[in-house]
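Here's the structure we're looking at; comments come further down.
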Amino acid sequence: MRVDLGLFEGDTLLDRGVIHVGPDKVTDTFKHFRATHSLGSGAAEILLADFSSHVGLKTISLDMPIHESTDWESIDLDKYTVAFWCRLDA
């Protein structure tokens with residue numbers, strides 16, 4: 001499953017990237033965080049951690065159902081938003 005990720009502070013995009021979630025545990029490094037991910041039973045297990053010190057977020061654990069998004073989805077975390085768009089790999 002392909003997951004586009006975006007980290008916003010208010011309306012300002014701080015970071016954006018793509019991860020490809022598969023059966024093996026993989027860590028991808030972005031400008032302001034790291035994403036460790038793998039496919040579990042019926043869900044993608046995604047851990048966002050090691051945020052830049054000025055961001056102030058600690059760790060975000062996402063158990064994301066395997067699905068195809070119809071639009072951007074988001075999670076609000078105080079003054080930050082994690083946005084994501086899921087696509088099933090062909």
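Letters for chains follow the order of the structure tokens (A, B, ...), residue numbers begin at 1 for each chain, and ligand numbers begin at 1 in the order shown.
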Dump as JSON lines the rows for residues of segment 28-69 of chain A within 12 Å of segment 5-10 of chain A: closest atom pair and distance in Å with one decimal, only C-alpha atoms counted, ordered by chain and rising residue number.
```
{"residue": "A:Asp28", "atom": "CA", "partner": "A:Leu5", "partner_atom": "CA", "distance": 11.4}
{"residue": "A:Thr29", "atom": "CA", "partner": "A:Leu5", "partner_atom": "CA", "distance": 11.9}
{"residue": "A:Phe30", "atom": "CA", "partner": "A:Leu5", "partner_atom": "CA", "distance": 10.0}
{"residue": "A:Lys31", "atom": "CA", "partner": "A:Leu7", "partner_atom": "CA", "distance": 10.2}
{"residue": "A:His32", "atom": "CA", "partner": "A:Leu7", "partner_atom": "CA", "distance": 8.5}
{"residue": "A:Phe33", "atom": "CA", "partner": "A:Leu7", "partner_atom": "CA", "distance": 9.2}
{"residue": "A:Arg34", "atom": "CA", "partner": "A:Leu5", "partner_atom": "CA", "distance": 11.2}
{"residue": "A:Ala35", "atom": "CA", "partner": "A:Leu5", "partner_atom": "CA", "distance": 9.6}
{"residue": "A:Ile46", "atom": "CA", "partner": "A:Leu5", "partner_atom": "CA", "distance": 11.0}
{"residue": "A:Leu48", "atom": "CA", "partner": "A:Leu5", "partner_atom": "CA", "distance": 10.4}
{"residue": "A:Phe51", "atom": "CA", "partner": "A:Leu7", "partner_atom": "CA", "distance": 10.5}
{"residue": "A:Ser52", "atom": "CA", "partner": "A:Leu7", "partner_atom": "CA", "distance": 11.7}
{"residue": "A:His54", "atom": "CA", "partner": "A:Glu9", "partner_atom": "CA", "distance": 11.2}
{"residue": "A:Val55", "atom": "CA", "partner": "A:Glu9", "partner_atom": "CA", "distance": 8.6}
{"residue": "A:Gly56", "atom": "CA", "partner": "A:Glu9", "partner_atom": "CA", "distance": 11.1}
{"residue": "A:Leu57", "atom": "CA", "partner": "A:Leu7", "partner_atom": "CA", "distance": 11.0}
{"residue": "A:Ile60", "atom": "CA", "partner": "A:Leu7", "partner_atom": "CA", "distance": 11.9}
```
For this session: Fewer than 3 positions away in the same chain doesn't count, so skip those; otherwise give me all residues within 8 Å of Met1 of chain A, counting only C-alpha atoms, as a list of chain:residue names.
Result: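 Close residues of Met1 of chain A: A:His20, A:Val21, A:Gly22, A:Ile66, A:Cys86, A:Arg87, A:Leu88, A:Asp89.
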Write a file of the just-selected residues containing C-alpha atoms, as an mmCIF file, in the first residue's frame.
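So again.cif came out as:
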```cif
data_model
loop_
_atom_site.group_PDB
_atom_site.id
_atom_site.type_symbol
_atom_site.label_atom_id
_atom_site.label_comp_id
_atom_site.auth_asym_id
_atom_site.auth_seq_id
_atom_site.Cartn_x
_atom_site.Cartn_y
_atom_site.Cartn_z
ATOM 1 C CA HIS A 20 5.344 1.957 0.541
ATOM 2 C CA VAL A 21 3.987 -0.336 3.243
ATOM 3 C CA GLY A 22 4.692 -4.028 2.732
ATOM 4 C CA ILE A 66 -5.719 -1.334 4.151
ATOM 5 C CA CYS A 86 -3.725 5.681 0.824
ATOM 6 C CA ARG A 87 -3.530 3.827 -2.488
ATOM 7 C CA LEU A 88 -3.433 0.116 -3.092
ATOM 8 C CA ASP A 89 -0.351 -0.890 -5.048
#
```
For this session: From the DSSP assignment of the backbone, select every residue of chain A that is strand (DSSP E or B), and format the answer as a PyMOL selection string.
Result: chain A and resi 2-9+12-20+26-29+34-39+43-49+60-65+73-77+80-87
